[in-house]
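Participant: Contents of final-v7.pdb (PDB, C-alpha atoms and all ligand atoms) are given next:
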```
MODEL        1
ATOM      1  CA  MET U   1     143.610-128.619 272.683  1.00  0.00           C
ATOM      2  CA  HIS U   2     140.395-127.751 270.872  1.00  0.00           C
ATOM      3  CA  THR U   3     137.264-129.862 270.810  1.00  0.00           C
ATOM      4  CA  PHE U   4     136.249-131.289 267.467  1.00  0.00           C
ATOM      5  CA  GLN U   5     132.960-132.948 266.530  1.00  0.00           C
ATOM      6  CA  PRO U   6     132.606-135.748 263.984  1.00  0.00           C
ATOM      7  CA  CYS U   7     130.974-134.436 260.822  1.00  0.00           C
ATOM      8  CA  PRO U   8     129.035-137.000 258.735  1.00  0.00           C
ATOM      9  CA  ILE U   9     130.396-137.087 255.187  1.00  0.00           C
ATOM     10  CA  ASP U  10     126.882-136.515 253.772  1.00  0.00           C
ATOM     11  CA  VAL U  11     126.748-133.025 255.247  1.00  0.00           C
ATOM     12  CA  PHE U  12     130.197-132.167 253.910  1.00  0.00           C
ATOM     13  CA  ASP U  13     129.138-129.902 251.050  1.00  0.00           C
ATOM     14  CA  THR U  14     132.134-127.624 250.604  1.00  0.00           C
ATOM     15  CA  ASN U  15     133.461-126.798 247.151  1.00  0.00           C
ATOM     16  CA  PRO U  16     136.731-128.777 246.830  1.00  0.00           C
ATOM     17  CA  PHE U  17     138.109-126.443 244.155  1.00  0.00           C
ATOM     18  CA  THR U  18     137.928-123.521 246.546  1.00  0.00           C
ATOM     19  CA  LEU U  19     138.801-125.469 249.664  1.00  0.00           C
ATOM     20  CA  ILE U  20     141.996-127.035 248.335  1.00  0.00           C
ATOM     21  CA  GLY U  21     142.945-124.942 245.316  1.00  0.00           C
ATOM     22  CA  LYS U  22     142.298-121.469 246.708  1.00  0.00           C
ATOM     23  CA  ASP U  23     142.105-121.669 250.501  1.00  0.00           C
ATOM     24  CA  TRP U  24     144.810-124.391 250.670  1.00  0.00           C
ATOM     25  CA  ALA U  25     145.202-127.265 253.102  1.00  0.00           C
ATOM     26  CA  VAL U  26     147.932-128.533 255.374  1.00  0.00           C
ATOM     27  CA  LEU U  27     148.934-132.128 254.878  1.00  0.00           C
ATOM     28  CA  THR U  28     150.207-133.799 258.041  1.00  0.00           C
ATOM     29  CA  ALA U  29     151.867-137.195 258.289  1.00  0.00           C
ATOM     30  CA  GLY U  30     153.661-139.033 261.048  1.00  0.00           C
ATOM     31  CA  ASN U  31     153.083-140.623 264.411  1.00  0.00           C
ATOM     32  CA  GLN U  32     153.368-139.736 268.109  1.00  0.00           C
ATOM     33  CA  GLN U  33     157.185-139.655 267.805  1.00  0.00           C
ATOM     34  CA  LYS U  34     157.751-137.837 264.522  1.00  0.00           C
ATOM     35  CA  VAL U  35     155.363-135.620 262.612  1.00  0.00           C
ATOM     36  CA  ASN U  36     155.564-133.029 259.845  1.00  0.00           C
ATOM     37  CA  SER U  37     153.223-130.774 257.912  1.00  0.00           C
ATOM     38  CA  MET U  38     153.305-128.977 254.588  1.00  0.00           C
ATOM     39  CA  THR U  39     150.902-126.761 252.684  1.00  0.00           C
ATOM     40  CA  ILE U  40     149.185-128.236 249.643  1.00  0.00           C
ATOM     41  CA  SER U  41     146.935-126.790 246.954  1.00  0.00           C
ATOM     42  CA  TRP U  42     146.703-129.800 244.645  1.00  0.00           C
ATOM     43  CA  GLY U  43     144.432-132.700 245.501  1.00  0.00           C
ATOM     44  CA  GLY U  44     140.798-133.634 245.772  1.00  0.00           C
ATOM     45  CA  PHE U  45     138.002-135.796 247.122  1.00  0.00           C
ATOM     46  CA  GLY U  46     135.870-138.460 245.503  1.00  0.00           C
ATOM     47  CA  VAL U  47     134.860-142.073 245.441  1.00  0.00           C
ATOM     48  CA  LEU U  48     137.207-144.928 244.534  1.00  0.00           C
ATOM     49  CA  TRP U  49     137.162-148.640 245.251  1.00  0.00           C
ATOM     50  CA  ASN U  50     133.688-148.048 246.793  1.00  0.00           C
ATOM     51  CA  LYS U  51     135.200-145.814 249.438  1.00  0.00           C
ATOM     52  CA  ASN U  52     135.123-142.092 250.102  1.00  0.00           C
ATOM     53  CA  VAL U  53     138.648-140.989 249.374  1.00  0.00           C
ATOM     54  CA  CYS U  54     140.894-138.012 249.270  1.00  0.00           C
ATOM     55  CA  PHE U  55     143.997-137.760 247.097  1.00  0.00           C
ATOM     56  CA  VAL U  56     147.083-135.606 247.399  1.00  0.00           C
ATOM     57  CA  PHE U  57     150.247-135.128 245.346  1.00  0.00           C
ATOM     58  CA  VAL U  58     153.620-134.914 247.074  1.00  0.00           C
ATOM     59  CA  ARG U  59     156.938-134.276 245.345  1.00  0.00           C
ATOM     60  CA  ASP U  60     159.999-136.446 245.998  1.00  0.00           C
ATOM     61  CA  SER U  61     161.862-133.556 247.611  1.00  0.00           C
ATOM     62  CA  ARG U  62     159.347-132.983 250.449  1.00  0.00           C
ATOM     63  CA  TYR U  63     160.354-134.103 253.919  1.00  0.00           C
ATOM     64  CA  THR U  64     156.668-134.899 254.526  1.00  0.00           C
ATOM     65  CA  LYS U  65     157.017-137.594 251.850  1.00  0.00           C
ATOM     66  CA  THR U  66     159.301-139.679 254.075  1.00  0.00           C
ATOM     67  CA  LEU U  67     156.526-139.726 256.700  1.00  0.00           C
ATOM     68  CA  MET U  68     153.795-140.311 254.107  1.00  0.00           C
ATOM     69  CA  ASP U  69     155.763-143.386 253.036  1.00  0.00           C
ATOM     70  CA  SER U  70     156.565-144.717 256.490  1.00  0.00           C
ATOM     71  CA  CYS U  71     153.111-144.223 258.068  1.00  0.00           C
ATOM     72  CA  ASP U  72     149.726-145.764 257.256  1.00  0.00           C
ATOM     73  CA  THR U  73     147.685-142.601 257.724  1.00  0.00           C
ATOM     74  CA  PHE U  74     147.671-138.871 256.989  1.00  0.00           C
ATOM     75  CA  SER U  75     145.380-135.894 257.477  1.00  0.00           C
ATOM     76  CA  LEU U  76     144.337-132.681 255.825  1.00  0.00           C
ATOM     77  CA  THR U  77     143.722-129.640 258.003  1.00  0.00           C
ATOM     78  CA  PHE U  78     141.705-126.668 256.734  1.00  0.00           C
ATOM     79  CA  PHE U  79     141.579-123.307 258.485  1.00  0.00           C
ATOM     80  CA  GLN U  80     138.846-120.769 258.986  1.00  0.00           C
ATOM     81  CA  LYS U  81     138.628-117.750 256.692  1.00  0.00           C
ATOM     82  CA  GLY U  82     140.929-115.052 257.955  1.00  0.00           C
ATOM     83  CA  PHE U  83     143.550-117.482 259.265  1.00  0.00           C
ATOM     84  CA  ASN U  84     147.007-115.965 258.907  1.00  0.00           C
ATOM     85  CA  ARG U  85     147.989-116.874 255.345  1.00  0.00           C
ATOM     86  CA  SER U  86     151.670-116.239 256.031  1.00  0.00           C
ATOM     87  CA  ILE U  87     151.648-119.316 258.295  1.00  0.00           C
ATOM     88  CA  LEU U  88     150.460-121.422 255.356  1.00  0.00           C
ATOM     89  CA  MET U  89     153.135-119.813 253.168  1.00  0.00           C
ATOM     90  CA  TYR U  90     155.730-120.674 255.809  1.00  0.00           C
ATOM     91  CA  LEU U  91     154.622-124.326 256.039  1.00  0.00           C
ATOM     92  CA  GLY U  92     154.738-124.356 252.239  1.00  0.00           C
ATOM     93  CA  SER U  93     158.194-122.912 251.762  1.00  0.00           C
ATOM     94  CA  VAL U  94     160.418-124.188 254.585  1.00  0.00           C
ATOM     95  CA  SER U  95     161.295-127.856 255.054  1.00  0.00           C
ATOM     96  CA  GLY U  96     160.672-129.712 258.275  1.00  0.00           C
ATOM     97  CA  SER U  97     164.014-131.408 257.692  1.00  0.00           C
ATOM     98  CA  ARG U  98     165.610-128.077 258.661  1.00  0.00           C
ATOM     99  CA  GLU U  99     163.252-126.544 261.232  1.00  0.00           C
ATOM    100  CA  ASN U 100     160.611-127.616 263.696  1.00  0.00           C
ATOM    101  CA  LYS U 101     157.878-125.902 261.731  1.00  0.00           C
ATOM    102  CA  MET U 102     155.149-126.451 264.325  1.00  0.00           C
ATOM    103  CA  GLN U 103     157.226-124.704 266.960  1.00  0.00           C
ATOM    104  CA  VAL U 104     158.211-121.790 264.720  1.00  0.00           C
ATOM    105  CA  ALA U 105     154.610-121.300 263.496  1.00  0.00           C
ATOM    106  CA  HIS U 106     153.171-121.654 267.036  1.00  0.00           C
ATOM    107  CA  LEU U 107     150.941-124.499 265.902  1.00  0.00           C
ATOM    108  CA  HIS U 108     150.101-127.644 267.839  1.00  0.00           C
ATOM    109  CA  VAL U 109     149.685-131.236 266.751  1.00  0.00           C
ATOM    110  CA  ASN U 110     146.576-133.059 267.926  1.00  0.00           C
ATOM    111  CA  TYR U 111     145.669-136.688 267.214  1.00  0.00           C
ATOM    112  CA  THR U 112     142.510-138.532 266.319  1.00  0.00           C
ATOM    113  CA  ASP U 113     142.941-142.305 266.577  1.00  0.00           C
ATOM    114  CA  ASN U 114     146.698-141.681 266.378  1.00  0.00           C
ATOM    115  CA  ILE U 115     146.359-139.684 263.143  1.00  0.00           C
ATOM    116  CA  PRO U 116     148.093-136.326 263.548  1.00  0.00           C
ATOM    117  CA  PHE U 117     146.469-133.040 262.511  1.00  0.00           C
ATOM    118  CA  ILE U 118     146.845-129.336 263.299  1.00  0.00           C
ATOM    119  CA  ASP U 119     144.836-128.360 266.350  1.00  0.00           C
ATOM    120  CA  GLU U 120     144.359-124.766 265.142  1.00  0.00           C
ATOM    121  CA  GLY U 121     142.366-125.957 262.094  1.00  0.00           C
ATOM    122  CA  ASN U 122     138.584-125.902 261.892  1.00  0.00           C
ATOM    123  CA  LEU U 123     138.037-128.852 259.535  1.00  0.00           C
ATOM    124  CA  ILE U 124     140.037-132.075 259.577  1.00  0.00           C
ATOM    125  CA  ILE U 125     140.009-134.984 257.182  1.00  0.00           C
ATOM    126  CA  ALA U 126     141.738-138.059 258.582  1.00  0.00           C
ATOM    127  CA  CYS U 127     142.683-140.777 256.118  1.00  0.00           C
ATOM    128  CA  LYS U 128     144.107-144.250 255.878  1.00  0.00           C
ATOM    129  CA  LYS U 129     146.492-144.700 252.957  1.00  0.00           C
ATOM    130  CA  LEU U 130     145.140-146.978 250.243  1.00  0.00           C
ATOM    131  CA  SER U 131     147.681-146.439 247.485  1.00  0.00           C
ATOM    132  CA  ALA U 132     150.832-144.560 246.575  1.00  0.00           C
ATOM    133  CA  THR U 133     151.553-144.097 242.868  1.00  0.00           C
ATOM    134  CA  ARG U 134     154.585-142.244 241.536  1.00  0.00           C
ATOM    135  CA  ILE U 135     153.510-140.215 238.535  1.00  0.00           C
ATOM    136  CA  THR U 136     156.185-140.677 235.894  1.00  0.00           C
ATOM    137  CA  PRO U 137     156.501-138.758 232.594  1.00  0.00           C
ATOM    138  CA  ASP U 138     155.970-141.921 230.516  1.00  0.00           C
ATOM    139  CA  THR U 139     152.300-141.757 231.595  1.00  0.00           C
ATOM    140  CA  PHE U 140     151.795-138.177 230.385  1.00  0.00           C
ATOM    141  CA  LEU U 141     149.547-137.734 227.363  1.00  0.00           C
ATOM    142  CA  ASP U 142     150.294-134.006 227.204  1.00  0.00           C
ATOM    143  CA  SER U 143     154.015-133.382 226.751  1.00  0.00           C
ATOM    144  CA  ALA U 144     153.665-129.895 228.208  1.00  0.00           C
ATOM    145  CA  LEU U 145     153.239-131.423 231.662  1.00  0.00           C
ATOM    146  CA  GLU U 146     156.843-132.575 231.832  1.00  0.00           C
ATOM    147  CA  SER U 147     158.324-129.309 230.578  1.00  0.00           C
ATOM    148  CA  ASN U 148     155.968-127.166 232.672  1.00  0.00           C
ATOM    149  CA  TYR U 149     156.155-129.019 235.982  1.00  0.00           C
ATOM    150  CA  TYR U 150     159.002-131.542 236.084  1.00  0.00           C
ATOM    151  CA  LYS U 151     162.050-130.000 234.379  1.00  0.00           C
ATOM    152  CA  ASN U 152     164.132-130.774 237.475  1.00  0.00           C
ATOM    153  CA  GLY U 153     162.826-134.348 237.815  1.00  0.00           C
ATOM    154  CA  ASP U 154     161.129-133.667 241.172  1.00  0.00           C
ATOM    155  CA  LEU U 155     158.198-135.998 240.538  1.00  0.00           C
ATOM    156  CA  HIS U 156     154.923-136.297 242.425  1.00  0.00           C
ATOM    157  CA  THR U 157     153.563-139.351 244.164  1.00  0.00           C
ATOM    158  CA  MET U 158     149.779-139.540 244.298  1.00  0.00           C
ATOM    159  CA  TYR U 159     148.495-140.859 247.617  1.00  0.00           C
ATOM    160  CA  VAL U 160     144.894-142.007 247.771  1.00  0.00           C
ATOM    161  CA  GLY U 161     143.519-142.252 251.285  1.00  0.00           C
ATOM    162  CA  GLU U 162     140.242-143.608 252.564  1.00  0.00           C
ATOM    163  CA  ILE U 163     138.476-140.900 254.544  1.00  0.00           C
ATOM    164  CA  LEU U 164     138.071-142.337 258.035  1.00  0.00           C
ATOM    165  CA  GLN U 165     136.885-139.232 259.853  1.00  0.00           C
ATOM    166  CA  VAL U 166     135.781-135.692 259.116  1.00  0.00           C
ATOM    167  CA  LEU U 167     136.064-133.484 262.190  1.00  0.00           C
ATOM    168  CA  ALA U 168     134.774-129.952 262.526  1.00  0.00           C
ATOM    169  CA  ARG U 169     135.141-127.331 265.225  1.00  0.00           C
TER     170      ARG U 169
HETATM  171  C1  LIG W 201     150.179-122.735 248.348  1.00  0.00           C
HETATM  172  C2  LIG W 201     151.152-123.888 248.290  1.00  0.00           C
HETATM  173  C3  LIG W 201     150.734-125.089 247.773  1.00  0.00           C
HETATM  174  C4  LIG W 201     151.600-126.184 247.694  1.00  0.00           C
HETATM  175  N1  LIG W 201     151.144-127.377 247.198  1.00  0.00           N
HETATM  176  C5  LIG W 201     151.974-128.443 247.157  1.00  0.00           C
HETATM  177  C6  LIG W 201     151.482-129.709 246.708  1.00  0.00           C
HETATM  178  O1  LIG W 201     150.297-129.902 246.392  1.00  0.00           O
HETATM  179  N2  LIG W 201     152.378-130.738 246.630  1.00  0.00           N
HETATM  180  C7  LIG W 201     153.704-130.585 246.965  1.00  0.00           C
HETATM  181  O2  LIG W 201     154.485-131.546 246.871  1.00  0.00           O
HETATM  182  N3  LIG W 201     154.172-129.384 247.423  1.00  0.00           N
HETATM  183  C8  LIG W 201     153.347-128.324 247.538  1.00  0.00           C
HETATM  184  N4  LIG W 201     153.799-127.146 248.031  1.00  0.00           N
HETATM  185  C9  LIG W 201     155.198-127.013 248.459  1.00  0.00           C
HETATM  186  C10 LIG W 201     155.462-127.591 249.854  1.00  0.00           C
HETATM  187  O3  LIG W 201     154.464-127.192 250.767  1.00  0.00           O
HETATM  188  C11 LIG W 201     156.843-127.061 250.338  1.00  0.00           C
HETATM  189  O4  LIG W 201     157.858-127.524 249.475  1.00  0.00           O
HETATM  190  C12 LIG W 201     157.124-127.417 251.784  1.00  0.00           C
HETATM  191  O5  LIG W 201     158.163-126.586 252.242  1.00  0.00           O
HETATM  192  C13 LIG W 201     157.534-128.863 251.978  1.00  0.00           C
HETATM  193  O6  LIG W 201     157.769-129.051 253.330  1.00  0.00           O
HETATM  194  P1  LIG W 201     158.499-130.316 253.937  1.00  0.00           P
HETATM  195  O7  LIG W 201     159.866-130.422 253.266  1.00  0.00           O
HETATM  196  O8  LIG W 201     158.594-130.007 255.400  1.00  0.00           O
HETATM  197  O9  LIG W 201     157.649-131.496 253.633  1.00  0.00           O
HETATM  198  C14 LIG W 201     152.941-126.051 248.130  1.00  0.00           C
HETATM  199  C15 LIG W 201     153.373-124.815 248.654  1.00  0.00           C
HETATM  200  C16 LIG W 201     152.488-123.743 248.741  1.00  0.00           C
HETATM  201  C17 LIG W 201     152.948-122.445 249.328  1.00  0.00           C
ENDMDL
END
```
Re-express the file's structure as structure tokens.
Ligand SMILES: Cc1cc2nc3c(=O)[nH]c(=O)nc-3n(C[C@H](O)[C@H](O)[C@H](O)COP(=O)(O)O)c2cc1C
Facilitator:
Amino acid sequence: MHTFQPCPIDVFDTNPFTLIGKDWAVLTAGNQQKVNSMTISWGGFGVLWNKNVCFVFVRDSRYTKTLMDSCDTFSLTFFQKGFNRSILMYLGSVSGSRENKMQVAHLHVNYTDNIPFIDEGNLIIACKKLSATRITPDTFLDSALESNYYKNGDLHTMYVGEILQVLAR
């Protein structure tokens, strides 16, 4: 297992558009018994309810969603530049309901205060769930959203999590 240091949120000055949208993150949810991870490229960081938060969007069809719903916490793992992108593609295209993705990808789960994350990452954001909101088409103000992203009805749930810890290697 690698050693991670707590990183004060004030010194966290990374561009979220690049970090999540371009470099991608791995969302991990679960507990010591059952855990699963999937790649994400939609989400963000900010301030809500006077807390530092992160938010992610998970479709109904994702196996990770069952663990997001049954557990109180989740994490985002980011990897150093040059990390094998095909591993992120794998975690983002195969379902953990069918394969033990950690085993196949030769990745390891580590825990911080019982919150699972990927040990091979170099930046970890550990969160406590604050809200889960299913985003339904009746809330869309732009009708193109439904036809562009939800033709098959596989809707997203937005999870807002309070950032409890930022860990860096
Ligand atoms: C680059 C990339 C970004 C992705 N972003 C998201 C996302 O933000 N939300 C989502 O629900 N699925 C996203 N996916 C798809 C899931 O990662 C994919 O369906 C995954 O296999 C689900 O795994 P699971 O069934 O084990 O949870 C993304 C996939 C890739 C490759």
Participant: Could you pull out the residues sitting within 6 Å of ligand LIG 201 (chain W), using only C-alpha atoms and all ligand atoms, and write them as number ranges by chain?
Facilitator: U: 37-42, 57-59, 62-64, 89, 91-96
Participant: If the PyMOL selection byres (((chain U and resi 102-118) around 10) and not hetatm) is run on the structure shown, which residues does it catch, given as a PyMOL selection string?
Facilitator: chain U and resi 1-2+4+26-32+34-37+71-79+86-88+90-91+96+99-101+119-128+164-165+167
Participant: The selected residues should be written to file as an mmCIF file, in the coordinates of the input (atoms: C-alpha atoms).
Facilitator:
```cif
data_model
loop_
_atom_site.group_PDB
_atom_site.id
_atom_site.type_symbol
_atom_site.label_atom_id
_atom_site.label_comp_id
_atom_site.auth_asym_id
_atom_site.auth_seq_id
_atom_site.Cartn_x
_atom_site.Cartn_y
_atom_site.Cartn_z
ATOM 1 C CA MET U 1 143.610 -128.619 272.683
ATOM 2 C CA HIS U 2 140.395 -127.751 270.872
ATOM 3 C CA PHE U 4 136.249 -131.289 267.467
ATOM 4 C CA VAL U 26 147.932 -128.533 255.374
ATOM 5 C CA LEU U 27 148.934 -132.128 254.878
ATOM 6 C CA THR U 28 150.207 -133.799 258.041
ATOM 7 C CA ALA U 29 151.867 -137.195 258.289
ATOM 8 C CA GLY U 30 153.661 -139.033 261.048
ATOM 9 C CA ASN U 31 153.083 -140.623 264.411
ATOM 10 C CA GLN U 32 153.368 -139.736 268.109
ATOM 11 C CA LYS U 34 157.751 -137.837 264.522
ATOM 12 C CA VAL U 35 155.363 -135.620 262.612
ATOM 13 C CA ASN U 36 155.564 -133.029 259.845
ATOM 14 C CA SER U 37 153.223 -130.774 257.912
ATOM 15 C CA CYS U 71 153.111 -144.223 258.068
ATOM 16 C CA ASP U 72 149.726 -145.764 257.256
ATOM 17 C CA THR U 73 147.685 -142.601 257.724
ATOM 18 C CA PHE U 74 147.671 -138.871 256.989
ATOM 19 C CA SER U 75 145.380 -135.894 257.477
ATOM 20 C CA LEU U 76 144.337 -132.681 255.825
ATOM 21 C CA THR U 77 143.722 -129.640 258.003
ATOM 22 C CA PHE U 78 141.705 -126.668 256.734
ATOM 23 C CA PHE U 79 141.579 -123.307 258.485
ATOM 24 C CA SER U 86 151.670 -116.239 256.031
ATOM 25 C CA ILE U 87 151.648 -119.316 258.295
ATOM 26 C CA LEU U 88 150.460 -121.422 255.356
ATOM 27 C CA TYR U 90 155.730 -120.674 255.809
ATOM 28 C CA LEU U 91 154.622 -124.326 256.039
ATOM 29 C CA GLY U 96 160.672 -129.712 258.275
ATOM 30 C CA GLU U 99 163.252 -126.544 261.232
ATOM 31 C CA ASN U 100 160.611 -127.616 263.696
ATOM 32 C CA LYS U 101 157.878 -125.902 261.731
ATOM 33 C CA ASP U 119 144.836 -128.360 266.350
ATOM 34 C CA GLU U 120 144.359 -124.766 265.142
ATOM 35 C CA GLY U 121 142.366 -125.957 262.094
ATOM 36 C CA ASN U 122 138.584 -125.902 261.892
ATOM 37 C CA LEU U 123 138.037 -128.852 259.535
ATOM 38 C CA ILE U 124 140.037 -132.075 259.577
ATOM 39 C CA ILE U 125 140.009 -134.984 257.182
ATOM 40 C CA ALA U 126 141.738 -138.059 258.582
ATOM 41 C CA CYS U 127 142.683 -140.777 256.118
ATOM 42 C CA LYS U 128 144.107 -144.250 255.878
ATOM 43 C CA LEU U 164 138.071 -142.337 258.035
ATOM 44 C CA GLN U 165 136.885 -139.232 259.853
ATOM 45 C CA LEU U 167 136.064 -133.484 262.190
#
```
Participant: Give me, please, the distance in Å between CA of Thr157 in chain U and CA of Thr14 in chain U, quoted to one decimal.
Facilitator: 25.3 Å
Participant: What is the distance between CA of Gly153 in chain U and CA of Ser131 in chain U, in Å to one decimal?
Facilitator: 21.7 Å
Participant: To one decimal place in Å, what is the distance between CA of Ala25 in chain U and CA of Ser147 in chain U?
Facilitator: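 About the pair CA of Ala25 in chain U and CA of Ser147 in chain U: they are 26.1 Å apart.
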Participant: U:Lys22, U:Arg169, U:His156, U:Lys51: which is nearest Thr136 in chain U, counting only C-alpha atoms?
Facilitator: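 Among the listed residues, U:His156 lies closest to Thr136 in chain U.
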Participant: Return as a list in words the set of residues that the PyMOL selection byres (((chain U and resi 15-18) around 12) and not hetatm) yields on the displayed structure.
Facilitator: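 Output from the PyMOL selection byres (((chain U and resi 15-18) around 12) and not hetatm), applied to this file: Phe12, Asp13, Thr14, Leu19, Ile20, Gly21, Lys22, Asp23, Trp24, Ala25, Ser41, Trp42, Gly43, Gly44, Phe45, Gly46, Cys54, Phe55, Phe78 and Lys81 of chain U.
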Participant: Give as a list in words every residue, naming chains and numbers as the document does, that has an atom within 8 Å of (152.9, -145.1, 244.4), counting all atoms listed in the file.
Facilitator: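 Returned residue set, sorted by chain then number, is Ser131, Ala132, Thr133, Arg134, Ile135, Thr157, Met158 and Tyr159 of chain U.
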Participant: Going by the chain IDs and residue numbers used in this file, which residues fall under the PyMOL selection byres (((chain U and resi 8) around 10) and not hetatm)? Write them as a list in words.
Facilitator: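 Applying the PyMOL selection byres (((chain U and resi 8) around 10) and not hetatm) to the structure shown produces Gln5, Pro6, Cys7, Ile9, Asp10, Val11, Phe12, Gln165, Val166, Leu167 and Ala168 of chain U.
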Participant: Rank U:Lys65, U:Asp60, U:Glu162, U:Leu130 by their smallest atom-to-atom distance to Tyr150 in chain U, using only C-alpha atoms, and report the top residue only.
Facilitator: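 Closest candidate: U:Asp60.
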